[in-house]
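Structure file entry27.cif (mmCIF, C-alpha atoms and all ligand atoms) is printed below.
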```cif
data_work
#
loop_
_atom_site.group_PDB
_atom_site.id
_atom_site.type_symbol
_atom_site.label_atom_id
_atom_site.label_comp_id
_atom_site.auth_asym_id
_atom_site.auth_seq_id
_atom_site.Cartn_x
_atom_site.Cartn_y
_atom_site.Cartn_z
ATOM 1 C CA THR A 915 24.236 9.699 12.456
ATOM 2 C CA ALA A 916 21.965 11.627 14.789
ATOM 3 C CA LEU A 917 18.872 10.726 12.801
ATOM 4 C CA GLU A 918 19.837 7.057 12.976
ATOM 5 C CA ALA A 919 20.046 7.206 16.778
ATOM 6 C CA ASP A 920 16.683 8.973 16.836
ATOM 7 C CA LEU A 921 15.147 6.298 14.622
ATOM 8 C CA GLN A 922 16.390 3.601 17.014
ATOM 9 C CA GLN A 923 14.292 5.294 19.691
ATOM 10 C CA ALA A 924 11.303 6.109 17.530
ATOM 11 C CA LEU A 925 9.605 2.741 17.942
ATOM 12 C CA GLN A 926 9.964 2.505 21.725
ATOM 13 C CA GLN A 927 8.934 6.112 22.182
ATOM 14 C CA ARG A 928 5.843 5.627 20.060
ATOM 15 C CA GLN A 929 6.833 8.294 17.565
ATOM 16 C CA LEU A 930 5.791 6.253 14.539
ATOM 17 C CA GLN A 931 2.239 6.509 13.267
ATOM 18 C CA LEU A 932 0.191 5.151 10.432
ATOM 19 C CA TYR A 933 -1.790 7.583 8.309
ATOM 20 C CA TYR A 934 -4.646 6.335 6.137
ATOM 21 C CA GLN A 935 -5.688 7.294 2.622
ATOM 22 C CA THR A 936 -8.918 6.093 1.015
ATOM 23 C CA GLN A 937 -9.227 4.041 -2.131
ATOM 24 C CA VAL A 938 -12.520 4.648 -3.949
ATOM 25 C CA ASP A 939 -14.597 3.201 -6.777
ATOM 26 C CA SER A 940 -15.932 5.006 -9.850
ATOM 27 C CA GLU A 941 -18.784 6.425 -7.744
ATOM 28 C CA ARG A 942 -16.333 7.513 -5.068
ATOM 29 C CA ARG A 943 -17.531 4.992 -2.522
ATOM 30 C CA ILE A 944 -14.824 3.791 -0.158
ATOM 31 C CA LEU A 945 -13.322 0.450 -1.154
ATOM 32 C CA GLY A 946 -10.536 0.501 1.374
ATOM 33 C CA ALA A 947 -7.465 2.417 2.442
ATOM 34 C CA GLU A 948 -3.680 2.400 2.272
ATOM 35 C CA ALA A 949 -1.709 2.632 5.514
ATOM 36 C CA LEU A 950 1.251 5.020 5.248
ATOM 37 C CA LEU A 951 4.056 5.389 7.785
ATOM 38 C CA ARG A 952 4.803 8.745 9.387
ATOM 39 C CA TRP A 953 7.430 9.648 11.966
ATOM 40 C CA GLN A 954 6.437 12.296 14.457
ATOM 41 C CA HIS A 955 9.908 13.481 15.468
ATOM 42 C CA PRO A 956 9.991 15.315 18.831
ATOM 43 C CA VAL A 957 12.091 18.184 17.427
ATOM 44 C CA LYS A 958 11.941 17.956 13.632
ATOM 45 C CA GLY A 959 8.187 17.396 13.403
ATOM 46 C CA LEU A 960 6.557 15.144 10.834
ATOM 47 C CA ILE A 961 9.076 13.128 8.803
ATOM 48 C CA LEU A 962 7.977 11.353 5.628
ATOM 49 C CA PRO A 963 9.023 7.809 4.664
ATOM 50 C CA GLU A 964 11.398 8.937 1.888
ATOM 51 C CA GLN A 965 13.515 10.515 4.606
ATOM 52 C CA PHE A 966 13.709 7.576 6.988
ATOM 53 C CA ILE A 967 12.915 4.326 5.149
ATOM 54 C CA PRO A 968 16.277 4.248 3.315
ATOM 55 C CA LEU A 969 17.971 4.795 6.684
ATOM 56 C CA ALA A 970 15.825 2.088 8.255
ATOM 57 C CA GLU A 971 16.806 -0.304 5.466
ATOM 58 C CA GLU A 972 20.537 0.415 5.906
ATOM 59 C CA THR A 973 20.450 -0.110 9.644
ATOM 60 C CA GLY A 974 18.238 -3.191 9.777
ATOM 61 C CA LEU A 975 15.473 -1.229 11.461
ATOM 62 C CA MET A 976 13.059 -1.795 8.589
ATOM 63 C CA ILE A 977 12.235 -5.271 9.888
ATOM 64 C CA PRO A 978 10.944 -4.156 13.322
ATOM 65 C CA ILE A 979 9.369 -1.013 11.831
ATOM 66 C CA GLY A 980 7.614 -3.054 9.145
ATOM 67 C CA LEU A 981 6.345 -5.489 11.765
ATOM 68 C CA TRP A 982 5.085 -2.606 13.862
ATOM 69 C CA ALA A 983 3.241 -1.226 10.816
ATOM 70 C CA LEU A 984 1.608 -4.590 10.062
ATOM 71 C CA GLU A 985 0.531 -5.118 13.638
ATOM 72 C CA THR A 986 -0.763 -1.562 13.959
ATOM 73 C CA ALA A 987 -2.721 -1.947 10.724
ATOM 74 C CA ALA A 988 -4.236 -5.211 11.968
ATOM 75 C CA ARG A 989 -5.215 -3.609 15.303
ATOM 76 C CA GLN A 990 -6.753 -0.728 13.395
ATOM 77 C CA ILE A 991 -8.875 -3.091 11.313
ATOM 78 C CA LYS A 992 -10.042 -4.742 14.531
ATOM 79 C CA ASP A 993 -10.878 -1.375 16.068
ATOM 80 C CA TRP A 994 -12.844 -0.177 13.028
ATOM 81 C CA GLU A 995 -14.663 -3.492 12.915
ATOM 82 C CA ASN A 996 -15.575 -3.209 16.606
ATOM 83 C CA LYS A 997 -16.916 0.283 15.937
ATOM 84 C CA GLY A 998 -18.982 -1.039 13.029
ATOM 85 C CA LEU A 999 -17.257 1.304 10.598
ATOM 86 C CA LEU A 1000 -16.188 -1.168 7.933
ATOM 87 C CA GLY A 1001 -18.218 -2.106 4.890
ATOM 88 C CA ARG A 1002 -18.298 -5.800 3.939
ATOM 89 C CA SER A 1003 -15.522 -5.574 1.391
ATOM 90 C CA PHE A 1004 -13.274 -2.928 2.973
ATOM 91 C CA GLN A 1005 -9.598 -3.839 2.711
ATOM 92 C CA LEU A 1006 -6.558 -2.168 4.244
ATOM 93 C CA SER A 1007 -3.381 -2.144 2.136
ATOM 94 C CA VAL A 1008 -0.026 -2.261 3.888
ATOM 95 C CA ASN A 1009 3.297 -1.600 2.154
ATOM 96 C CA ILE A 1010 5.841 -4.373 2.542
ATOM 97 C CA SER A 1011 9.507 -3.655 1.845
ATOM 98 C CA VAL A 1012 11.615 -6.135 -0.096
ATOM 99 C CA SER A 1013 13.769 -6.921 2.939
ATOM 100 C CA GLN A 1014 10.685 -7.533 5.048
ATOM 101 C CA PHE A 1015 9.171 -9.851 2.471
ATOM 102 C CA ARG A 1016 12.486 -11.693 2.047
ATOM 103 C CA HIS A 1017 12.876 -12.252 5.795
ATOM 104 C CA SER A 1018 12.894 -15.974 6.468
ATOM 105 C CA HIS A 1019 10.160 -15.652 9.120
ATOM 106 C CA PHE A 1020 7.823 -13.360 7.202
ATOM 107 C CA VAL A 1021 5.044 -15.922 6.785
ATOM 108 C CA GLU A 1022 5.141 -16.830 10.490
ATOM 109 C CA GLN A 1023 5.204 -13.157 11.441
ATOM 110 C CA ILE A 1024 2.011 -12.583 9.470
ATOM 111 C CA SER A 1025 0.210 -15.657 10.775
ATOM 112 C CA ASP A 1026 1.207 -14.694 14.313
ATOM 113 C CA ILE A 1027 -0.263 -11.190 13.916
ATOM 114 C CA LEU A 1028 -3.469 -12.547 12.366
ATOM 115 C CA ALA A 1029 -3.920 -15.040 15.183
ATOM 116 C CA ARG A 1030 -3.057 -12.673 18.021
ATOM 117 C CA ILE A 1031 -5.213 -9.821 16.845
ATOM 118 C CA GLY A 1032 -7.961 -11.948 15.432
ATOM 119 C CA ILE A 1033 -8.910 -10.220 12.216
ATOM 120 C CA GLU A 1034 -10.235 -11.754 9.035
ATOM 121 C CA PRO A 1035 -7.179 -12.150 6.754
ATOM 122 C CA ARG A 1036 -9.195 -10.996 3.727
ATOM 123 C CA ARG A 1037 -9.241 -7.497 5.264
ATOM 124 C CA LEU A 1038 -5.482 -7.185 4.674
ATOM 125 C CA LYS A 1039 -3.825 -6.487 1.341
ATOM 126 C CA LEU A 1040 -0.050 -6.577 1.069
ATOM 127 C CA GLU A 1041 1.508 -4.091 -1.356
ATOM 128 C CA LEU A 1042 4.699 -5.485 -2.823
ATOM 129 C CA SER A 1043 6.957 -3.469 -5.080
ATOM 130 C CA GLU A 1044 7.869 -4.900 -8.456
ATOM 131 C CA SER A 1045 11.466 -5.318 -7.335
ATOM 132 C CA VAL A 1046 10.338 -8.322 -5.271
ATOM 133 C CA PHE A 1047 9.861 -10.069 -8.632
ATOM 134 C CA ALA A 1048 13.057 -8.826 -10.287
ATOM 135 C CA GLN A 1049 14.666 -12.158 -9.577
ATOM 136 C CA ASN A 1050 12.439 -15.078 -10.395
ATOM 137 C CA SER A 1051 12.631 -17.099 -7.237
ATOM 138 C CA SER A 1052 10.569 -20.122 -6.299
ATOM 139 C CA ASP A 1053 10.890 -18.877 -2.730
ATOM 140 C CA THR A 1054 8.808 -15.798 -3.593
ATOM 141 C CA ALA A 1055 6.086 -17.906 -5.191
ATOM 142 C CA GLU A 1056 5.945 -20.298 -2.263
ATOM 143 C CA LYS A 1057 5.697 -17.493 0.294
ATOM 144 C CA MET A 1058 2.946 -15.825 -1.646
ATOM 145 C CA ARG A 1059 0.968 -19.056 -1.990
ATOM 146 C CA LYS A 1060 1.162 -19.677 1.747
ATOM 147 C CA LEU A 1061 0.005 -16.155 2.557
ATOM 148 C CA LYS A 1062 -2.687 -16.407 -0.096
ATOM 149 C CA SER A 1063 -3.922 -19.617 1.521
ATOM 150 C CA PHE A 1064 -4.501 -17.649 4.748
ATOM 151 C CA GLY A 1065 -6.811 -15.368 2.741
ATOM 152 C CA LEU A 1066 -4.590 -12.300 2.294
ATOM 153 C CA ALA A 1067 -4.615 -10.260 -0.915
ATOM 154 C CA PHE A 1068 -1.638 -8.956 -2.909
ATOM 155 C CA SER A 1069 -1.199 -5.753 -4.845
ATOM 156 C CA ILE A 1070 1.804 -4.803 -6.987
ATOM 157 C CA ASP A 1071 2.791 -1.267 -6.063
ATOM 158 C CA ASP A 1072 4.239 1.249 -8.547
ATOM 159 C CA PHE A 1073 3.381 -1.147 -11.345
ATOM 160 C CA GLY A 1074 5.175 -0.438 -14.603
ATOM 161 C CA THR A 1075 8.261 1.216 -13.146
ATOM 162 C CA GLY A 1076 10.330 -1.832 -12.203
ATOM 163 C CA TYR A 1077 12.683 -3.992 -14.175
ATOM 164 C CA SER A 1078 10.876 -7.266 -13.719
ATOM 165 C CA SER A 1079 9.607 -9.422 -16.546
ATOM 166 C CA LEU A 1080 5.862 -9.808 -16.984
ATOM 167 C CA SER A 1081 5.984 -13.586 -16.695
ATOM 168 C CA TYR A 1082 5.458 -13.443 -12.931
ATOM 169 C CA LEU A 1083 1.960 -12.070 -13.510
ATOM 170 C CA LYS A 1084 0.703 -15.466 -14.603
ATOM 171 C CA GLN A 1085 2.701 -17.494 -12.092
ATOM 172 C CA LEU A 1086 1.913 -15.728 -8.848
ATOM 173 C CA PRO A 1087 -1.315 -15.433 -6.842
ATOM 174 C CA LEU A 1088 -1.852 -11.697 -7.396
ATOM 175 C CA ASP A 1089 -5.042 -9.716 -6.867
ATOM 176 C CA GLN A 1090 -4.302 -6.179 -7.995
ATOM 177 C CA LEU A 1091 -1.989 -3.952 -10.011
ATOM 178 C CA LYS A 1092 -1.423 -0.411 -8.833
ATOM 179 C CA ILE A 1093 -0.682 1.951 -11.723
ATOM 180 C CA ASP A 1094 2.250 4.120 -10.707
ATOM 181 C CA ARG A 1095 1.678 7.777 -9.957
ATOM 182 C CA SER A 1096 4.234 8.870 -12.567
ATOM 183 C CA PHE A 1097 1.985 7.613 -15.393
ATOM 184 C CA ILE A 1098 -1.018 9.415 -13.904
ATOM 185 C CA ASN A 1099 1.020 12.615 -13.662
ATOM 186 C CA ASP A 1100 1.646 12.542 -17.383
ATOM 187 C CA LEU A 1101 -1.932 11.627 -18.318
ATOM 188 C CA GLY A 1102 -3.121 13.834 -21.175
ATOM 189 C CA VAL A 1103 0.361 15.388 -21.378
ATOM 190 C CA ASP A 1104 2.450 12.498 -22.618
ATOM 191 C CA GLU A 1105 0.808 10.206 -25.157
ATOM 192 C CA ASN A 1106 3.058 7.301 -24.184
ATOM 193 C CA SER A 1107 1.974 7.425 -20.551
ATOM 194 C CA THR A 1108 -1.637 7.496 -21.673
ATOM 195 C CA ALA A 1109 -1.049 4.441 -23.876
ATOM 196 C CA LEU A 1110 0.701 2.615 -21.040
ATOM 197 C CA ILE A 1111 -2.172 3.301 -18.639
ATOM 198 C CA GLN A 1112 -4.666 1.928 -21.144
ATOM 199 C CA THR A 1113 -2.460 -1.100 -21.684
ATOM 200 C CA ILE A 1114 -2.161 -1.830 -17.957
ATOM 201 C CA ILE A 1115 -5.932 -1.521 -17.502
ATOM 202 C CA GLY A 1116 -6.584 -3.839 -20.458
ATOM 203 C CA MET A 1117 -3.967 -6.310 -19.319
ATOM 204 C CA SER A 1118 -5.464 -6.424 -15.814
ATOM 205 C CA ARG A 1119 -8.880 -7.148 -17.230
ATOM 206 C CA ASN A 1120 -7.529 -9.902 -19.462
ATOM 207 C CA LEU A 1121 -5.614 -11.482 -16.586
ATOM 208 C CA GLY A 1122 -8.559 -11.240 -14.195
ATOM 209 C CA LEU A 1123 -6.728 -8.840 -11.892
ATOM 210 C CA GLN A 1124 -8.073 -5.762 -10.143
ATOM 211 C CA VAL A 1125 -6.455 -2.449 -11.016
ATOM 212 C CA ILE A 1126 -6.190 0.857 -9.171
ATOM 213 C CA ALA A 1127 -4.736 4.197 -10.259
ATOM 214 C CA GLU A 1128 -2.801 6.143 -7.626
ATOM 215 C CA GLY A 1129 -1.754 9.762 -7.327
ATOM 216 C CA ILE A 1130 -5.011 11.197 -8.670
ATOM 217 C CA GLU A 1131 -4.983 14.959 -8.188
ATOM 218 C CA SER A 1132 -7.418 16.311 -10.788
ATOM 219 C CA GLU A 1133 -10.910 15.734 -12.163
ATOM 220 C CA THR A 1134 -9.400 15.636 -15.653
ATOM 221 C CA GLN A 1135 -7.346 12.611 -14.655
ATOM 222 C CA VAL A 1136 -10.472 10.896 -13.294
ATOM 223 C CA LYS A 1137 -12.387 11.657 -16.479
ATOM 224 C CA HIS A 1138 -9.689 10.073 -18.656
ATOM 225 C CA LEU A 1139 -9.315 7.062 -16.365
ATOM 226 C CA LEU A 1140 -13.066 6.443 -16.316
ATOM 227 C CA GLU A 1141 -13.052 6.513 -20.121
ATOM 228 C CA PHE A 1142 -10.317 3.877 -20.059
ATOM 229 C CA GLY A 1143 -12.447 1.715 -17.744
ATOM 230 C CA CYS A 1144 -10.385 2.179 -14.580
ATOM 231 C CA PRO A 1145 -12.503 0.953 -11.637
ATOM 232 C CA ALA A 1146 -10.561 2.220 -8.598
ATOM 233 C CA PHE A 1147 -8.745 5.376 -7.556
ATOM 234 C CA GLN A 1148 -6.497 6.793 -4.874
ATOM 235 C CA GLY A 1149 -5.099 10.296 -4.525
ATOM 236 C CA TYR A 1150 -5.179 13.721 -2.949
ATOM 237 C CA LEU A 1151 -8.272 14.628 -5.012
ATOM 238 C CA PHE A 1152 -10.324 12.198 -2.923
ATOM 239 C CA CYS A 1153 -8.435 12.165 0.351
ATOM 240 C CA ARG A 1154 -5.058 13.148 1.773
ATOM 241 C CA PRO A 1155 -3.353 10.572 3.980
ATOM 242 C CA LEU A 1156 -5.034 11.226 7.351
ATOM 243 C CA PRO A 1157 -4.139 10.532 10.964
ATOM 244 C CA VAL A 1158 -6.343 7.859 12.489
ATOM 245 C CA ASN A 1159 -8.763 10.179 14.300
ATOM 246 C CA ASP A 1160 -9.540 12.072 11.120
ATOM 247 C CA PHE A 1161 -9.901 8.812 9.214
ATOM 248 C CA ASP A 1162 -12.338 7.542 11.855
ATOM 249 C CA SER A 1163 -14.501 10.632 11.313
ATOM 250 C CA LEU A 1164 -14.368 10.116 7.573
ATOM 251 C CA LEU A 1165 -15.541 6.501 7.958
ATOM 252 C CA HIS A 1166 -18.317 7.707 10.293
ATOM 253 C CA ASP A 1167 -19.508 10.285 7.762
ATOM 254 C CA HIS A 1168 -19.572 7.748 4.931
ATOM 255 C CA HIS A 1169 -21.647 5.365 6.974
HETATM 256 O O1 LIG B 1 3.286 8.228 2.322
HETATM 257 P P1 LIG B 1 4.398 8.484 1.352
HETATM 258 O O2 LIG B 1 4.048 8.906 -0.039
HETATM 259 O O3 LIG B 1 5.373 9.493 1.863
HETATM 260 O O4 LIG B 1 5.218 7.126 1.229
HETATM 261 C C1 LIG B 1 6.399 7.105 0.533
HETATM 262 C C2 LIG B 1 6.912 5.715 0.357
HETATM 263 O O5 LIG B 1 7.058 5.064 1.617
HETATM 264 C C3 LIG B 1 6.005 4.860 -0.483
HETATM 265 O O6 LIG B 1 6.797 4.228 -1.465
HETATM 266 C C4 LIG B 1 5.484 3.840 0.447
HETATM 267 O O7 LIG B 1 5.355 2.591 -0.177
HETATM 268 C C5 LIG B 1 6.525 3.772 1.544
HETATM 269 N N1 LIG B 1 5.864 3.379 2.786
HETATM 270 C C6 LIG B 1 4.900 4.031 3.448
HETATM 271 N N2 LIG B 1 4.497 3.343 4.528
HETATM 272 C C7 LIG B 1 5.229 2.202 4.550
HETATM 273 C C8 LIG B 1 5.262 1.045 5.395
HETATM 274 O O8 LIG B 1 4.512 0.904 6.374
HETATM 275 N N3 LIG B 1 6.165 0.075 5.101
HETATM 276 C C9 LIG B 1 6.991 0.172 4.019
HETATM 277 N N4 LIG B 1 7.837 -0.810 3.787
HETATM 278 N N5 LIG B 1 6.974 1.222 3.188
HETATM 279 C C10 LIG B 1 6.096 2.226 3.439
HETATM 280 O O1 LIG B 2 4.880 3.947 -3.293
HETATM 281 P P1 LIG B 2 3.568 4.082 -2.615
HETATM 282 O O2 LIG B 2 2.440 3.921 -3.562
HETATM 283 O O3 LIG B 2 3.366 3.199 -1.419
HETATM 284 O O4 LIG B 2 3.497 5.583 -2.123
HETATM 285 C C1 LIG B 2 2.326 6.205 -1.850
HETATM 286 C C2 LIG B 2 2.737 7.642 -1.624
HETATM 287 O O5 LIG B 2 2.033 8.509 -2.487
HETATM 288 C C3 LIG B 2 2.449 8.083 -0.209
HETATM 289 O O6 LIG B 2 3.574 8.706 0.277
HETATM 290 C C4 LIG B 2 1.348 9.105 -0.356
HETATM 291 O O7 LIG B 2 1.502 10.130 0.613
HETATM 292 C C5 LIG B 2 1.578 9.629 -1.771
HETATM 293 N N1 LIG B 2 0.373 10.088 -2.417
HETATM 294 C C6 LIG B 2 -0.888 9.629 -2.274
HETATM 295 N N2 LIG B 2 -1.750 10.289 -3.084
HETATM 296 C C7 LIG B 2 -1.006 11.182 -3.761
HETATM 297 C C8 LIG B 2 -1.329 12.170 -4.756
HETATM 298 O O8 LIG B 2 -2.474 12.344 -5.191
HETATM 299 N N3 LIG B 2 -0.282 12.893 -5.229
HETATM 300 C C9 LIG B 2 0.988 12.732 -4.801
HETATM 301 N N4 LIG B 2 1.918 13.521 -5.326
HETATM 302 N N5 LIG B 2 1.323 11.829 -3.875
HETATM 303 C C10 LIG B 2 0.341 11.056 -3.356
HETATM 304 MN MN MN B 3 1.926 1.817 -1.707
HETATM 305 NA NA NA B 4 2.907 3.389 -5.458
#
```

Please render this file's structure as structure tokens.
Amino acid sequence: TALEADLQQALQQRQLQLYYQTQVDSERRILGAEALLRWQHPVKGLILPEQFIPLAEETGLMIPIGLWALETAARQIKDWENKGLLGRSFQLSVNISVSQFRHSHFVEQISDILARIGIEPRRLKLELSESVFAQNSSDTAEKMRKLKSFGLAFSIDDFGTGYSSLSYLKQLPLDQLKIDRSFINDLGVDENSTALIQTIIGMSRNLGLQVIAEGIESETQVKHLLEFGCPAFQGYLFCRPLPVNDFDSLLHDHH
């Protein structure tokens, strides 16, 4: 298709960008950010991931695009560090697709980026979707342990929406669960979603995992989540995903 041909070019022509959205604590101090892909198409304008990631997956382009995103995120960490904009514990989360994680060279690709760019691995958090754990593979566990030994952190994205069993939670070196936006949407509307959110928060605490709620759009949602003991938040209420210049200014202002 035409869009597929355009996507082939997008990397070389520097049309891909990362946007950044803050993650905050209960006092709204910045804990870190999530890097989010955007495609600045020369004719069609800004294209969101939903519209090109499936295409990238079908055509094998997700591997180079994912690598570009990781490397760009690492360079951005370096740049913010050089500018003195990062707090001690600031972490940048990067989404990793299943195909990217499954790639036989993924561990080497990460260690290569870390070495070349020279950032502290603890600054990087990899967001894996639950579907990575749908099949219980020893390969997954081994990869994660290697990456963990470098110092990277792991978050499970869209937690609670996949079809995986919970047994992986005790077997794998995880750091964080990310409560899916769909539960937050229904907070206070659907009693079952509310119960599930409370359960995920309690389970995280009992397992010694961090937890973050995403897709926060209202103060009412924050109020409920604080009552449930949720320690970390992400959503339009606090910050839209921002292009890097705007995110730089935001980090400056919070300094
Ligand atoms: O930013 P937005 O809400 O449009 O992102 C939509 C989806 O695209 C999310 O599920 C997100 O995980 C995914 N996504 C965004 N950036 C990246 C990326 O750099 N790599 C991968 N694999 N997925 C991404
Ligand atoms: O699946 P993943 O969590 O990686 O997707 C994050 C997506 O959620 C991004 O595309 C981002 O633009 C979007 N997003 C972030 N905050 C909000 C929010 O408060 N509301 C909605 N509807 N989407 C959000
Ligand atoms: Mn994510
Ligand atoms: Na998510």

Env of Phe1073 in chain A: 7 Å cut, atoms = all atoms listed in the file, seq-sep filter 6 positions within chain, self excluded. Answer as a PyMOL selection string. chain A and resi 1044+1091-1094

Create the file for the chosen residues now, containing C-alpha atoms and written as a short mmCIF file (atom, residue, chain, number, x, y, z; two decimals), keeping the file's coordinate frame.
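Heads up, here's the output in result_33.cif:
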```
data_model
loop_
_atom_site.label_atom_id
_atom_site.label_comp_id
_atom_site.auth_asym_id
_atom_site.auth_seq_id
_atom_site.Cartn_x
_atom_site.Cartn_y
_atom_site.Cartn_z
CA GLU A 1044 7.87 -4.90 -8.46
CA LEU A 1091 -1.99 -3.95 -10.01
CA LYS A 1092 -1.42 -0.41 -8.83
CA ILE A 1093 -0.68 1.95 -11.72
CA ASP A 1094 2.25 4.12 -10.71
#
```

Near range 1045-1056 of chain A, counting all atoms listed in the file, which residues have an atom at most 8 Å away, once you skip same-chain residues fewer than 2 positions from it, shown as a PDB file with C-alpha atoms, in the frame of the given file?
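Wrote it out as result29.pdb, contents follow:
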```pdb
ATOM      1  CA  VAL A1012      11.615  -6.135  -0.096  1.00  0.00           C
ATOM      2  CA  PHE A1015       9.171  -9.851   2.471  1.00  0.00           C
ATOM      3  CA  ARG A1016      12.486 -11.693   2.047  1.00  0.00           C
ATOM      4  CA  LEU A1042       4.699  -5.485  -2.823  1.00  0.00           C
ATOM      5  CA  SER A1043       6.957  -3.469  -5.080  1.00  0.00           C
ATOM      6  CA  MET A1058       2.946 -15.825  -1.646  1.00  0.00           C
ATOM      7  CA  ARG A1059       0.968 -19.056  -1.990  1.00  0.00           C
ATOM      8  CA  LYS A1060       1.162 -19.677   1.747  1.00  0.00           C
ATOM      9  CA  GLY A1076      10.330  -1.832 -12.203  1.00  0.00           C
ATOM     10  CA  TYR A1077      12.683  -3.992 -14.175  1.00  0.00           C
ATOM     11  CA  SER A1078      10.876  -7.266 -13.719  1.00  0.00           C
ATOM     12  CA  SER A1079       9.607  -9.422 -16.546  1.00  0.00           C
ATOM     13  CA  TYR A1082       5.458 -13.443 -12.931  1.00  0.00           C
ATOM     14  CA  GLN A1085       2.701 -17.494 -12.092  1.00  0.00           C
ATOM     15  CA  LEU A1086       1.913 -15.728  -8.848  1.00  0.00           C
ATOM     16  CA  PRO A1087      -1.315 -15.433  -6.842  1.00  0.00           C
TER      17      PRO A1087
END
```

Report the residues retrieved by the PyMOL selection byres (((chain A and resi 1107) around 12) and not hetatm) from the displayed file, expressed as number ranges by chain. A: 1074-1075, 1093-1106, 1108-1114

Please identify all protein, DNA and RNA residues within 7 Å of ligand LIG 2 (chain B), counting only C-alpha atoms and all ligand atoms, and report them as a list in words.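 So, counting only C-alpha atoms and all ligand atoms, the residues near ligand LIG 2 (chain B) are Leu950, Asn1009, Asp1071, Asp1072, Glu1128, Gly1129, Ile1130, Glu1131, Gln1148, Gly1149, Tyr1150, Leu1151, Arg1154 and Pro1155 of chain A.
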
Distance limit 7 Å, reference ligand LIG 1 (chain B), atoms considered: all atoms listed in the file. Which residues make the cut? Give them as a ChimeraX atom specification. /A:949-951,962-964,967,980,983,1008-1011

Go through A:Ser1081, A:Gln922, A:Asn996, A:Ser1007 and flag the residue nearest ligand NA 4 (chain B), using only C-alpha atoms and all ligand atoms for the distances.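 Distance minimum relative to ligand NA 4 (chain B) lands on A:Ser1007.
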
To one decimal place, how far is CA of Trp953 in chain A from CA of Gln927 in chain A in Å?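 Separation between CA of Trp953 in chain A and CA of Gln927 in chain A: 10.9 Å.
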
Option closest in space to Arg989 in chain A, from A:Arg1037, A:Arg952, A:His1169, A:Lys958 [counting all atoms listed in the file]: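 Nearest to Arg989 in chain A: A:Arg1037.
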
Have a look at A:Leu930, A:Leu1006, A:Ile1027, A:Leu1164 and name the one nearest to ligand MN 3 (chain B); count all atoms listed in the file. A:Leu1006

For this structure, which residues satisfy the selection - the PyMOL selection byres (((chain A and resi 995) around 12) and not hetatm) - when it is evaluated on the file as given? I want them as a ChimeraX atom specification. /A:988-994,996-1006,1032-1034,1037,1162,1165

Between A:Ile944, A:Leu1028, A:Val938, A:Leu925, which has the minimum distance to Ile979 in chain A (counting all atoms listed in the file)? A:Leu925

From A:Ile1070, A:Gly1116, A:Pro1157, A:Glu1133, residue lying nearest Leu960 in chain A [only C-alpha atoms]: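 Between A:Ile1070, A:Gly1116, A:Pro1157, A:Glu1133, the residue approaching Leu960 in chain A most closely is A:Pro1157.
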
Using only C-alpha atoms and all ligand atoms, find the one residue out of A:Ser1018, A:Thr936, A:Gln1023, A:Gln1135 that sits nearest to ligand MN 3 (chain B).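 Distance minimum relative to ligand MN 3 (chain B) lands on A:Thr936.
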
Find the smallest box with edges along x, y and z containing every listed atom of range 985-989 of chain A, then add 6 Å on each side and report centre and edge lengths in Å to one decimal, as lines of an AutoDock Vina configuration file.
```
center_x = -2.3
center_y = -3.4
center_z = 13.0
size_x = 17.7
size_y = 15.6
size_z = 16.6
```

For the structure provided, state which residues fall under the PyMOL selection byres (((chain A and resi 975) around 12) and not hetatm), and present them as a list in words.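 Applied to this file, the PyMOL selection byres (((chain A and resi 975) around 12) and not hetatm) selects Glu918, Ala919, Asp920, Leu921, Gln922, Gln923, Ala924, Leu925, Phe966, Ile967, Pro968, Leu969, Ala970, Glu971, Glu972, Thr973, Gly974, Met976, Ile977, Pro978, Ile979, Gly980, Leu981, Trp982, Ser1011, Ser1013 and Gln1014 of chain A.
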
What does the structure give for the distance between CA of Phe1161 in chain A and CA of Tyr933 in chain A, in Å to one decimal? 8.3 Å

Restrict the output to range 974-991 of chain A and C-alpha atoms, then write it as a CSV table (one decimal), in the first residue's frame.
```csv
chain,number,residue,atom,x,y,z
A,974,GLY,CA,8.8,-6.4,9.5
A,975,LEU,CA,9.5,-2.7,10.0
A,976,MET,CA,8.7,-2.9,13.7
A,977,ILE,CA,12.2,-4.2,14.5
A,978,PRO,CA,14.1,-1.3,13.0
A,979,ILE,CA,11.5,1.2,14.3
A,980,GLY,CA,11.6,-0.3,17.7
A,981,LEU,CA,15.4,-0.1,17.7
A,982,TRP,CA,15.2,3.5,16.6
A,983,ALA,CA,12.9,4.3,19.5
A,984,LEU,CA,15.1,2.6,22.0
A,985,GLU,CA,18.2,4.4,20.8
A,986,THR,CA,16.4,7.7,20.6
A,987,ALA,CA,15.1,7.3,24.1
A,988,ALA,CA,18.7,6.5,25.4
A,989,ARG,CA,20.1,9.5,23.6
A,990,GLN,CA,17.4,11.6,25.2
A,991,ILE,CA,18.2,10.4,28.6
```
